[in-house]
$ cat upload31.txt   # compact mmCIF, C-alpha atoms and all ligand atoms
# COMPACT_ATOMS: atom_id res chain seq x y z
CA MET O 15 -114.24 -10.57 140.14
CA ILE O 16 -114.45 -7.42 138.04
CA ARG O 17 -117.86 -5.85 137.79
CA LYS O 18 -118.13 -2.63 135.85
CA LYS O 19 -119.87 -0.03 137.97
CA LEU O 20 -123.20 1.26 136.71
CA ILE O 21 -124.89 4.57 137.46
CA ALA O 22 -128.53 4.78 136.37
CA GLY O 23 -130.65 7.91 136.58
CA ASN O 24 -134.33 7.30 137.30
CA TRP O 25 -136.05 10.53 136.35
CA LYS O 26 -139.46 9.22 137.51
CA MET O 27 -142.35 11.52 136.45
CA ASN O 28 -140.10 14.50 135.83
CA LYS O 29 -138.89 16.35 132.73
CA THR O 30 -140.81 17.05 129.55
CA ALA O 31 -139.27 15.86 126.30
CA SER O 32 -137.48 19.18 125.81
CA ASP O 33 -136.32 19.46 129.45
CA GLY O 34 -135.01 15.94 129.10
CA VAL O 35 -133.00 16.90 126.02
CA THR O 36 -131.39 19.78 127.91
CA LEU O 37 -130.43 17.56 130.85
CA ALA O 38 -129.20 14.73 128.61
CA ARG O 39 -127.11 17.18 126.54
CA ASP O 40 -125.43 18.55 129.66
CA ILE O 41 -124.65 15.02 130.82
CA VAL O 42 -123.39 13.90 127.44
CA GLU O 43 -121.17 16.94 127.05
CA ALA O 44 -119.48 16.15 130.33
CA ILE O 45 -119.35 12.34 130.28
CA GLY O 46 -120.81 11.13 127.00
CA ARG O 47 -117.63 9.25 126.05
CA GLU O 48 -117.04 7.76 129.47
CA THR O 49 -116.57 4.03 129.13
CA SER O 50 -115.06 2.97 132.42
CA VAL O 51 -118.48 2.83 134.06
CA ASP O 52 -121.87 2.14 132.51
CA ILE O 53 -124.24 5.08 132.55
CA VAL O 54 -127.98 4.74 131.90
CA LEU O 55 -130.61 7.47 131.72
CA CYS O 56 -134.22 6.45 132.34
CA PRO O 57 -136.49 9.31 131.30
CA PRO O 58 -140.29 9.03 131.23
CA PHE O 59 -141.74 7.31 128.14
CA THR O 60 -142.58 10.65 126.52
CA ALA O 61 -138.93 11.71 126.52
CA LEU O 62 -137.40 8.39 125.43
CA GLU O 63 -137.21 9.30 121.77
CA SER O 64 -135.82 12.82 122.18
CA VAL O 65 -133.32 11.80 124.86
CA GLY O 66 -132.37 8.75 122.76
CA ALA O 67 -131.49 11.09 119.89
CA VAL O 68 -129.12 13.01 122.19
CA LEU O 69 -127.47 9.76 123.32
CA GLU O 70 -126.92 8.54 119.76
CA GLY O 71 -123.24 7.71 119.30
CA GLN O 72 -122.43 8.25 122.99
CA SER O 73 -121.56 5.70 125.62
CA VAL O 74 -124.56 6.69 127.77
CA LYS O 75 -127.39 4.19 127.40
CA LEU O 76 -131.13 4.64 127.36
CA GLY O 77 -133.44 2.95 129.86
CA ALA O 78 -137.18 2.94 130.46
CA GLN O 79 -138.93 3.04 133.81
CA ASN O 80 -141.44 0.28 133.20
CA LEU O 81 -142.90 -2.08 130.63
CA HIS O 82 -145.91 -4.38 130.30
CA PRO O 83 -145.23 -8.11 130.12
CA GLU O 84 -147.62 -8.77 127.23
CA LYS O 85 -146.46 -8.47 123.65
CA ASN O 86 -149.33 -6.22 122.62
CA GLY O 87 -153.11 -5.93 123.02
CA ALA O 88 -155.81 -4.13 124.97
CA TYR O 89 -153.72 -2.67 127.81
CA THR O 90 -154.60 1.01 127.74
CA GLY O 91 -151.74 3.24 128.81
CA GLU O 92 -149.12 0.49 128.77
CA ILE O 93 -145.89 0.09 126.79
CA SER O 94 -144.48 -3.15 125.38
CA ALA O 95 -140.90 -4.40 125.18
CA GLU O 96 -141.00 -4.15 121.41
CA MET O 97 -142.03 -0.49 121.59
CA LEU O 98 -139.09 0.20 123.89
CA ARG O 99 -136.71 -1.65 121.61
CA GLY O 100 -137.98 0.37 118.69
CA LEU O 101 -136.58 3.44 120.48
CA PHE O 102 -133.21 1.73 121.10
CA THR O 103 -133.84 1.32 124.80
CA SER O 104 -131.38 -1.13 126.33
CA HIS O 105 -132.41 -1.20 130.02
CA VAL O 106 -135.70 -1.14 131.89
CA ILE O 107 -136.49 -0.60 135.57
CA VAL O 108 -138.79 -3.30 136.91
CA GLY O 109 -140.52 -3.63 140.27
CA HIS O 110 -139.68 -0.19 141.62
CA SER O 111 -141.18 0.22 145.10
CA GLU O 112 -143.33 3.10 143.83
CA ARG O 113 -144.90 0.70 141.34
CA ARG O 114 -145.30 -1.95 144.02
CA THR O 115 -146.90 0.53 146.44
CA TYR O 116 -148.97 2.88 144.27
CA PHE O 117 -149.89 0.51 141.46
CA GLY O 118 -150.22 -2.72 143.38
CA GLU O 119 -147.60 -4.64 141.40
CA THR O 120 -147.06 -8.11 142.81
CA ASP O 121 -143.94 -10.26 142.76
CA GLU O 122 -145.58 -12.54 140.17
CA PHE O 123 -146.36 -9.64 137.84
CA ILE O 124 -142.88 -8.21 138.28
CA ASN O 125 -141.40 -11.62 137.48
CA LYS O 126 -143.32 -11.66 134.18
CA LYS O 127 -141.82 -8.27 133.34
CA VAL O 128 -138.32 -9.54 134.10
CA LEU O 129 -138.83 -12.54 131.80
CA THR O 130 -140.33 -10.39 129.05
CA SER O 131 -137.43 -7.92 129.24
CA LEU O 132 -134.88 -10.70 128.93
CA ALA O 133 -136.74 -12.37 126.07
CA ASN O 134 -136.50 -9.05 124.25
CA GLN O 135 -132.85 -8.34 125.04
CA LEU O 136 -133.69 -5.55 127.46
CA LYS O 137 -131.61 -5.58 130.64
CA PRO O 138 -133.98 -5.46 133.61
CA ILE O 139 -133.02 -3.42 136.67
CA LEU O 140 -134.98 -5.39 139.26
CA CYS O 141 -135.70 -3.31 142.36
CA VAL O 142 -135.99 -4.98 145.75
CA GLY O 143 -136.14 -3.61 149.27
CA GLU O 144 -137.98 -3.39 152.55
CA THR O 145 -140.25 -0.71 154.01
CA LEU O 146 -139.48 0.99 157.31
CA ALA O 147 -142.03 -1.17 159.13
CA GLU O 148 -140.44 -4.31 157.69
CA ARG O 149 -136.96 -3.18 158.74
CA GLU O 150 -138.15 -2.31 162.22
CA GLY O 151 -139.99 -5.62 162.41
CA GLY O 152 -136.73 -7.44 161.64
CA SER O 153 -137.88 -8.88 158.32
CA THR O 154 -135.55 -6.99 155.97
CA LEU O 155 -133.68 -10.05 154.72
CA ALA O 156 -136.85 -12.15 154.38
CA VAL O 157 -138.50 -9.43 152.26
CA VAL O 158 -135.42 -9.01 150.10
CA GLN O 159 -135.19 -12.78 149.68
CA ARG O 160 -138.81 -12.94 148.53
CA HIS O 161 -138.34 -10.06 146.08
CA VAL O 162 -135.19 -11.61 144.63
CA GLU O 163 -136.39 -15.22 144.42
CA CYS O 164 -139.84 -14.40 143.05
CA GLY O 165 -138.49 -11.72 140.72
CA LEU O 166 -135.97 -14.14 139.23
CA ALA O 167 -138.21 -17.21 138.95
CA GLY O 168 -137.60 -18.83 135.58
CA VAL O 169 -134.52 -16.72 134.78
CA THR O 170 -131.94 -19.12 133.38
CA ALA O 171 -128.23 -19.27 134.15
CA GLU O 172 -127.61 -17.99 130.65
CA GLN O 173 -129.76 -14.92 131.30
CA ILE O 174 -128.81 -14.00 134.84
CA THR O 175 -125.79 -11.85 134.01
CA ALA O 176 -128.04 -9.55 131.97
CA VAL O 177 -130.08 -8.85 135.11
CA ILE O 178 -129.16 -5.91 137.34
CA ILE O 179 -130.53 -5.88 140.87
CA ALA O 180 -131.14 -2.62 142.71
CA TYR O 181 -131.42 -2.78 146.48
CA GLU O 182 -133.59 0.18 147.43
CA PRO O 183 -134.73 0.36 151.05
CA VAL O 184 -138.13 2.03 150.68
CA TRP O 185 -137.53 4.21 153.74
CA ALA O 186 -134.49 5.75 152.06
CA ILE O 187 -136.12 6.63 148.74
CA GLY O 188 -136.57 10.36 148.26
CA THR O 189 -136.44 10.89 152.02
CA GLY O 190 -132.87 12.08 152.38
CA LYS O 191 -132.31 9.16 154.81
CA VAL O 192 -129.61 6.99 153.37
CA ALA O 193 -128.85 3.49 154.56
CA THR O 194 -125.52 3.31 156.37
CA THR O 195 -122.76 1.64 154.40
CA GLU O 196 -122.95 -1.31 156.81
CA GLN O 197 -126.71 -1.68 156.35
CA ALA O 198 -126.37 -1.48 152.58
CA GLN O 199 -123.38 -3.81 152.31
CA GLU O 200 -125.07 -6.36 154.59
CA VAL O 201 -128.08 -6.61 152.28
CA HIS O 202 -125.98 -6.53 149.11
CA ALA O 203 -123.86 -9.40 150.42
CA TYR O 204 -127.03 -11.28 151.32
CA ILE O 205 -128.36 -10.81 147.77
CA ARG O 206 -125.04 -12.07 146.38
CA ASP O 207 -125.37 -15.16 148.62
CA LEU O 208 -128.88 -15.76 147.34
CA LEU O 209 -127.63 -15.50 143.77
CA THR O 210 -124.84 -17.92 144.60
CA LYS O 211 -127.36 -20.45 145.87
CA LEU O 212 -129.51 -20.00 142.78
CA TYR O 213 -126.87 -19.81 140.06
CA GLY O 214 -123.50 -20.75 141.57
CA ALA O 215 -120.64 -18.50 142.59
CA PRO O 216 -119.09 -17.73 139.18
CA LEU O 217 -122.36 -16.32 137.80
CA ALA O 218 -123.39 -14.64 141.07
CA GLN O 219 -120.09 -12.78 141.06
CA LYS O 220 -120.94 -11.29 137.68
CA VAL O 221 -124.34 -9.83 138.58
CA ARG O 222 -124.33 -6.14 139.41
CA ILE O 223 -126.17 -5.03 142.52
CA LEU O 224 -126.90 -1.29 142.70
CA TYR O 225 -127.84 0.71 145.75
CA GLY O 226 -130.71 3.20 145.54
CA GLY O 227 -132.22 5.56 148.08
CA SER O 228 -131.03 9.14 148.55
CA MET O 229 -127.64 8.43 146.96
CA LYS O 230 -125.89 11.76 146.50
CA PRO O 231 -122.37 12.94 145.61
CA ALA O 232 -121.70 13.37 149.33
CA ASN O 233 -122.50 9.79 150.36
CA ALA O 234 -121.69 7.97 147.11
CA PRO O 235 -117.93 7.46 147.54
CA GLU O 236 -118.39 5.52 150.76
CA LEU O 237 -121.28 3.43 149.44
CA LEU O 238 -119.54 2.70 146.13
CA ALA O 239 -116.40 1.57 147.92
CA GLN O 240 -118.29 -1.39 149.44
CA LYS O 241 -117.37 -4.78 148.09
CA ASP O 242 -120.84 -5.71 146.83
CA ILE O 243 -122.15 -2.28 145.80
CA ASP O 244 -121.70 -2.06 142.05
CA GLY O 245 -123.30 1.30 141.36
CA GLY O 246 -126.39 3.32 142.05
CA LEU O 247 -129.97 3.82 140.94
CA ILE O 248 -130.37 7.53 141.41
CA GLY O 249 -133.65 9.43 141.68
CA GLY O 250 -133.50 13.02 142.95
CA ALA O 251 -129.80 13.55 142.27
CA SER O 252 -130.22 12.46 138.63
CA LEU O 253 -132.49 15.40 137.83
CA GLU O 254 -129.67 17.88 137.89
CA SER O 255 -126.64 17.44 135.63
CA ARG O 256 -124.03 18.57 138.15
CA SER O 257 -124.97 16.05 140.82
CA PHE O 258 -125.41 13.21 138.32
CA ILE O 259 -122.02 13.90 136.75
CA ASP O 260 -120.44 13.98 140.20
CA LEU O 261 -122.00 10.60 140.95
CA VAL O 262 -120.53 9.16 137.77
CA LYS O 263 -117.14 10.56 138.76
CA SER O 264 -117.48 8.90 142.16
CA ALA O 265 -118.15 5.58 140.44
CA VAL O 266 -115.11 6.04 138.22
CA ALA O 267 -112.98 6.81 141.25
CA ALA O 268 -114.42 3.82 143.11
CA GLY O 269 -113.51 1.28 140.53
CA GLY O 270 -114.12 2.22 136.94
CA PHE O 271 -111.24 1.81 134.57
CA PRO O 272 -109.62 5.22 134.72
CA TRP O 273 -110.01 6.61 131.17
CA PHE O 274 -111.91 9.48 132.65
CA SER O 275 -109.75 10.08 135.69
CA LEU O 276 -106.55 9.87 133.67
CA ARG O 277 -107.90 12.43 131.26
CA ALA O 278 -109.08 14.62 134.10
CA ALA O 279 -105.63 14.38 135.63
CA GLY O 280 -104.08 15.34 132.28
CA MET O 281 -102.26 12.01 131.99
CA ARG O 282 -101.41 10.21 128.78
CA PRO O 283 -101.10 6.53 127.96
CA ALA O 284 -97.55 5.20 127.75
CA ILE O 285 -98.17 4.10 124.15
CA PRO O 286 -100.68 6.38 122.44
CA TRP O 287 -103.30 4.59 120.44
CA PRO O 288 -103.91 4.12 117.64
CA ALA O 289 -100.15 3.91 117.03
CA GLY O 290 -98.79 7.41 116.69
CA GLY O 291 -102.16 9.06 117.24
CA ALA O 292 -102.84 11.70 119.82
CA PHE O 293 -104.42 10.71 123.10
CA ARG O 294 -108.12 10.24 122.81
CA ASN O 295 -110.89 8.24 124.29
CA PRO O 296 -111.61 4.68 123.23
CA PRO O 297 -114.19 4.37 120.44
CA PRO O 298 -117.58 5.20 121.92
CA LEU O 299 -119.94 2.37 122.60
CA ARG O 300 -122.98 2.94 120.44
CA ASN O 301 -126.25 3.72 122.04
CA ARG O 302 -127.71 0.69 120.42
CA PRO O 303 -129.16 -2.47 121.84
CA PRO O 304 -126.26 -4.89 121.68
CA ASP O 305 -127.63 -7.06 118.90
CA LEU O 306 -127.93 -4.03 116.63
CA LEU O 307 -124.25 -3.29 116.91
CA PRO O 308 -122.10 -3.80 113.83
CA ALA O 309 -120.72 -7.32 113.55
CA ARG O 310 -117.21 -6.23 114.46
CA VAL O 311 -116.99 -4.39 117.72
CA PRO O 312 -114.13 -1.89 117.59
CA SER O 313 -111.43 -2.96 119.98
CA ALA O 314 -110.26 -0.49 122.51
CA GLY O 315 -107.26 -2.70 123.13
CA ARG O 316 -103.56 -2.36 122.65
CA ALA O 317 -103.01 0.72 124.77
CA ARG O 318 -100.58 0.22 127.62
CA TRP O 319 -101.16 2.38 130.61
CA THR O 320 -98.74 3.40 133.23
CA THR O 321 -101.22 2.38 135.89
CA PRO O 322 -101.89 -0.68 137.96
CA HIS O 323 -105.39 -0.77 136.43
CA ALA O 324 -104.24 -1.97 133.01
CA GLY O 325 -105.11 -5.60 133.75
CA ARG O 326 -108.52 -4.56 134.93
CA ALA O 327 -109.12 -2.63 131.70
CA VAL O 328 -108.30 -5.63 129.57
CA ALA O 329 -110.66 -7.80 131.60
CA LEU O 330 -113.45 -5.21 131.32
CA ARG O 331 -113.06 -5.00 127.56
CA ARG O 332 -113.10 -8.78 127.24
CA GLN O 333 -116.24 -8.97 129.32
CA ASP O 334 -117.89 -6.27 127.17
CA ARG O 335 -117.04 -8.19 124.02
CA ARG O 336 -118.39 -11.43 125.48
CA ASP O 337 -121.65 -9.69 126.51
CA ARG O 338 -122.12 -8.28 123.07
CA ALA O 339 -121.29 -11.52 121.31
CA SER O 340 -123.85 -13.39 123.35
CA HIS O 341 -126.50 -10.76 122.59
CA ARG O 342 -125.72 -10.81 118.88
CA ALA O 343 -126.34 -14.53 118.87
CA ARG O 344 -129.99 -13.89 119.69
CA PRO O 345 -131.47 -11.71 116.94
CA PHE O 346 -134.31 -9.41 117.80
CA PRO O 347 -137.20 -9.43 115.31
CA SER O 348 -137.17 -5.70 114.69
CA ALA O 349 -133.43 -5.58 114.10
CA ALA O 350 -133.83 -5.77 110.33
CA ARG O 351 -135.77 -2.52 110.32
CA HIS O 352 -132.87 -0.59 111.73
CA ARG O 353 -130.06 -1.96 109.63
P1 LIG O 401 -133.89 8.80 145.33
O1 LIG O 401 -134.67 7.70 144.47
O2 LIG O 401 -132.46 8.79 144.86
O3 LIG O 401 -134.57 10.09 145.04
O4 LIG O 401 -134.01 8.39 146.76
C1 LIG O 401 -134.08 6.48 144.13
C2 LIG O 401 -135.08 5.62 143.37
O5 LIG O 401 -136.26 5.65 143.70
O6 LIG O 401 -134.71 4.90 142.44
$ encode --input "upload31.txt" --output "structure tokens"
Amino acid sequence: MIRKKLIAGNWKMNKTASDGVTLARDIVEAIGRETSVDIVLCPPFTALESVGAVLEGQSVKLGAQNLHPEKNGAYTGEISAEMLRGLFTSHVIVGHSERRTYFGETDEFINKKVLTSLANQLKPILCVGETLAEREGGSTLAVVQRHVECGLAGVTAEQITAVIIAYEPVWAIGTGKVATTEQAQEVHAYIRDLLTKLYGAPLAQKVRILYGGSMKPANAPELLAQKDIDGGLIGGASLESRSFIDLVKSAVAAGGFPWFSLRAAGMRPAIPWPAGGAFRNPPPLRNRPPDLLPARVPSAGRARWTTPHAGRAVALRRQDRRDRASHRARPFPSAARHR
């Protein structure tokens, strides 16, 4: 099963709006047209608008770090799904261990956030993972099972492929201690099994499971080569453009369709596209929530590549088109405003 790799940068409580613009510009200049992997930047709320403006017209998507499950009301300091959508946010991190630990978020509350995100066409990145004490006490898989099952309660088969799960062992977050590839793959495979029990194998195979916890350019290639590791949720290494770009390159090398690597290697497609045109990247995906995309999604098709990955590229493009079509079918109330 082809799953497009995803690299998401979680900036946490770092970067002012203007610092965020500088970082986003550096990233966009280097990889803003990259389409073989999905790239998401999650700045703090205060930088969403300015960073979103930098991402306009690029393939890099905008994510938030949190949301409140209610539509609106007396929730001082909170942000609703509609507010995020108004800034063209497409992803949102939910249930990060720092929110569970420092802000007392429970599985039930996190589940409400997941459901609210999906109802508003935001893709939730649901974080799950055990503490050091839980790992040492032998309850890693039980904790992960609880986080996954409670977090996904009420998520329908139709919605599950919009969910991204991030396995983040708490003891590896920001500590420099990374899980071994075996430890990570074991839990990722376990999560895939849980999803299979809940939704059946075909859907479970489509859900992306990211690893998070001290992922760096040095350890990423090995982690990303694992069968069930579909990308990374990156904290520290996302705060600096060089390391984030290197992580994206690792994801491309590990299984993205090689637009980027071909270009880097100075290669050309066998048949340039559009017919007769010079080599260039496929049309950029817009930094728009999918249902705000124009009715006709430009096709990146037709190119033939002198690489064994050509079949994979076609499948990825088809999957992209299917994702977008299913999102367009569910209009978002504020869409009219942005037409
Ligand atoms: P880290 O953070 O990469 O700094 O360990 C990951 C995360 O908390 O999402």
$ closest_residue --input "upload31.txt" --among "O:Lys191, O:Arg99, O:Lys263, O:His161" --to "ligand LIG 401 (chain O)" --atoms "all atoms listed in the file"
O:Lys191
$ residues_near_point --input "upload31.txt" --point "(-124.0, 4.0, 128.3)" --cutoff "6 Å" --atoms "all atoms listed in the file" --output "ChimeraX atom specification"
/O:52-54,73-75
$ residues_near_ligand --input "upload31.txt" --ligand "ligand LIG 401 (chain O)" --cutoff "7 Å" --atoms "only C-alpha atoms and all ligand atoms" --output "PyMOL selection string"
chain O and resi 24+182+186-190+226-229+247-251
$ residues_around --input "upload31.txt" --residues "Val128 in chain O" --least-positions-apart "6" --cutoff "8 Å" --atoms "all atoms listed in the file" --output "PyMOL selection string"
chain O and resi 108+138+140+165-166
$ residues_around --input "upload31.txt" --residues "Leu238 in chain O" --least-positions-apart "3" --cutoff "10 Å" --atoms "all atoms listed in the file" --output "ChimeraX atom specification"
/O:19,195,199,224-225,229,233-235,241-246,261,264-269
$ residues_around --input "upload31.txt" --residues "Gly34 in chain O" --least-positions-apart "3" --cutoff "10 Å" --atoms "only C-alpha atoms" --output "tab-separated table (two decimals) with C-alpha atoms, in the frame of the given file"
chain	number	residue	atom	x	y	z
O	25	TRP	CA	-136.05	10.53	136.35
O	28	ASN	CA	-140.10	14.50	135.83
O	29	LYS	CA	-138.89	16.35	132.73
O	30	THR	CA	-140.81	17.05	129.55
O	31	ALA	CA	-139.27	15.86	126.30
O	37	LEU	CA	-130.43	17.56	130.85
O	38	ALA	CA	-129.20	14.73	128.61
O	39	ARG	CA	-127.11	17.18	126.54
O	40	ASP	CA	-125.43	18.55	129.66
O	55	LEU	CA	-130.61	7.47	131.72
O	57	PRO	CA	-136.49	9.31	131.30
O	58	PRO	CA	-140.29	9.03	131.23
O	60	THR	CA	-142.58	10.65	126.52
O	61	ALA	CA	-138.93	11.71	126.52
O	62	LEU	CA	-137.40	8.39	125.43
O	64	SER	CA	-135.82	12.82	122.18
O	65	VAL	CA	-133.32	11.80	124.86
O	66	GLY	CA	-132.37	8.75	122.76
O	68	VAL	CA	-129.12	13.01	122.19
O	253	LEU	CA	-132.49	15.40	137.83
$ closest_residue --input "upload31.txt" --among "O:Val184, O:Cys164, O:Val177, O:Ile124" --to "Ser111 in chain O" --atoms "all atoms listed in the file"
O:Val184
$ atom_distance --input "upload31.txt" --atom1 "CA of Met27 in chain O" --atom2 "CA of Ala232 in chain O"
24.4 Å
$ atom_distance --input "upload31.txt" --atom1 "CA of Ala180 in chain O" --atom2 "CA of Glu70 in chain O"
25.9 Å
$ closest_residue --input "upload31.txt" --among "O:Tyr89, O:Tyr213, O:Phe258, O:Phe123" --to "Thr175 in chain O" --atoms "all atoms listed in the file"
O:Tyr213
$ atom_distance --input "upload31.txt" --atom1 "CA of Phe102 in chain O" --atom2 "CA of Ala88 in chain O"
23.7 Å
